[in-house]
Amino acid sequence: MFERLKILAQHAMPKRRLTEFAGRVAGSSGRLTPRLIQWFVARYGVDMSEAEDPDLRSYASFNDFFTRPLKAGVRPLAAADFVCPVDGAISQFGAIDDHHIVQAKGHRFTTAALLGGDTALASTFQNGSFANLYLSPRDYHRLHMPCDGELRRMIYVPGSLFSVNPTTARGVPGLFARNERVICLFESASHGHFAMILVGATIVGSIATTWHGVVNAKRSGNISDWSYAPGDVALRKGDEMGRFLLGSTIVMLFEKQAIAFNPEWFPERPVRLGEAMGSVIEREPGV
C-alpha cells in the first residue's frame with residue numbers, strides 16, 4: 001500500500017517544474033551551497049575519501065560536487081571484454097526476448113519504445129542482451145565506456161520525469177521508455193553495435209555527454225537527432241562518455257550473441273565502475 005501511495009504521489013506532483021527548480025539550485029553558487037553539500041553527504045552517506053578533491057568547501061556549486069571526479073586508480077579496469085560503466089546497482093539484465101526488455105517483476109517494455117519508436121533501429125538488438133543499472137544519490141555520477149566504440153548517432157527523446165528508483169520501477173509500466181532519455185549509439189570493431197541510453201528522472205537537472213555537453217538544456221519537447229562520421233568520436237574502454245546532474249539509470253543494449261554477462265551478477269547487486277561486466281561469446285567455427 002505504501003509503495004502504491006508513493007507512485008500515486010509521483011503522478012500528481014509537478015515533476016517538470018520541480019526538476020527545473022532543482023536544476024537552478026544545483027547550478028547556482030552562494031552561501032547555502034556548502035551547507036547543502038554537507039547535508040547531502042550526511043543524508044546519503046557519500047564516501048568523499050574516493051573523490052579527487054574531498055574538501056566539501058571547494059565546490060562552487062552542488063553540480064560541481066555531484067559530478068566530482070574520482071581519485072586516479074580507485075576504479076581499476078578488470079581484465080574483461082566488457083566492464084561496468086558506472087557505480088550503482090543492477091536493476092535487471094539478461095536476454096532481450098525478441099524485442100522485449102524486463103523492467104521489473106511484472107513489467108516489460110519494447111526496445112522500439114525505448115529507442116523513440118524507431119523499429120528499424122530496434123531490429124539491430126532483436127534477441128540481443130540488455131542491462132539496466134540504477135545510480136542512487138550517493139553514487140559517483142560520471143558514465144564510462146563498457147568497451148571500445150565509435151559514436152554513430154545520438155538521439156534526444158523528450159518524455160516524463162518519473163523517479164527511476166526501484167520502487168518506481170516496480171510500479172510504473174514502461175518507465176524507462178516513458179521518461180526523457182538520451183540514446184547514444186556506438187559501433188565496435190570487436191563487439192558490433194551497442195547502445196547506451198541515459199534515462200532522465202525527477203530533479204535530474206540535465207544529461208551531458210563528453211562530446212556535446214548538456215543535451216537536454218532547453219527541453220523543447222521535440223526529438224533531436226545527431227549523426228557522426230567514423231573517427232568523429234572514438235572512445236576507449238573506461239573513458240568517460242557522459243554524466244548525470246543528479247541520479248538516474250543507464251540502459252545498455254547489445255546485439256545478439258555479443259555478450260555473456262558476468263555469472264556473479266544478479267538483480268539488486270551493487271556494482272562498481274570498472275568491474276567485469278561480461279565477456280565475448282565464443283562462437284563455434286562457421287557460426
# chains A, B, ... in the order shown; residues from 1 in each chain; ligands from 1
>>> select_by_dssp(residues="segment 64-134 of chain A", states="helix (DSSP H, G or I)", output="number ranges by chain")
A: 64-66, 111-114, 119-123
>>> closest_atom_pairs(of="segment 177-237 of chain A", to="segment 113-136 of chain A", cutoff="9 Å", atoms="only C-alpha atoms", output="CSV")
residue,atom,partner,partner_atom,distance
A:Ala177,CA,A:Leu114,CA,4.3
A:Arg178,CA,A:Leu114,CA,7.7
A:Arg181,CA,A:Leu114,CA,8.7
A:Ile183,CA,A:Leu115,CA,7.1
A:His193,CA,A:Thr124,CA,7.7
A:Phe194,CA,A:Phe125,CA,8.1
A:Ile197,CA,A:Leu114,CA,8.4
A:Ile223,CA,A:Gly116,CA,8.2
>>> closest_residue(among="A:Ser188, A:Gln103, A:Ser248, A:Ser206", to="Gly231 of chain A", atoms="only C-alpha atoms")
A:Ser188
>>> select_by_dssp(residues="segment 27-235 of chain A", states="strand (DSSP E or B)", output="number ranges by chain")
A: 51, 70, 82-83, 88-95, 97, 100-104, 107-110, 129-134, 142-144, 149-157, 160, 179, 181-188, 192-199, 206-209, 213-214, 224-227, 234-235
>>> closest_residue(among="A:Asn222, A:Asn179, A:Thr110, A:Ser190", to="Lys237 of chain A", atoms="only C-alpha atoms")
A:Ser190
>>> closest_residue(among="A:Val41, A:Leu70, A:Met252, A:Ala195", to="His141 of chain A", atoms="only C-alpha atoms")
A:Leu70
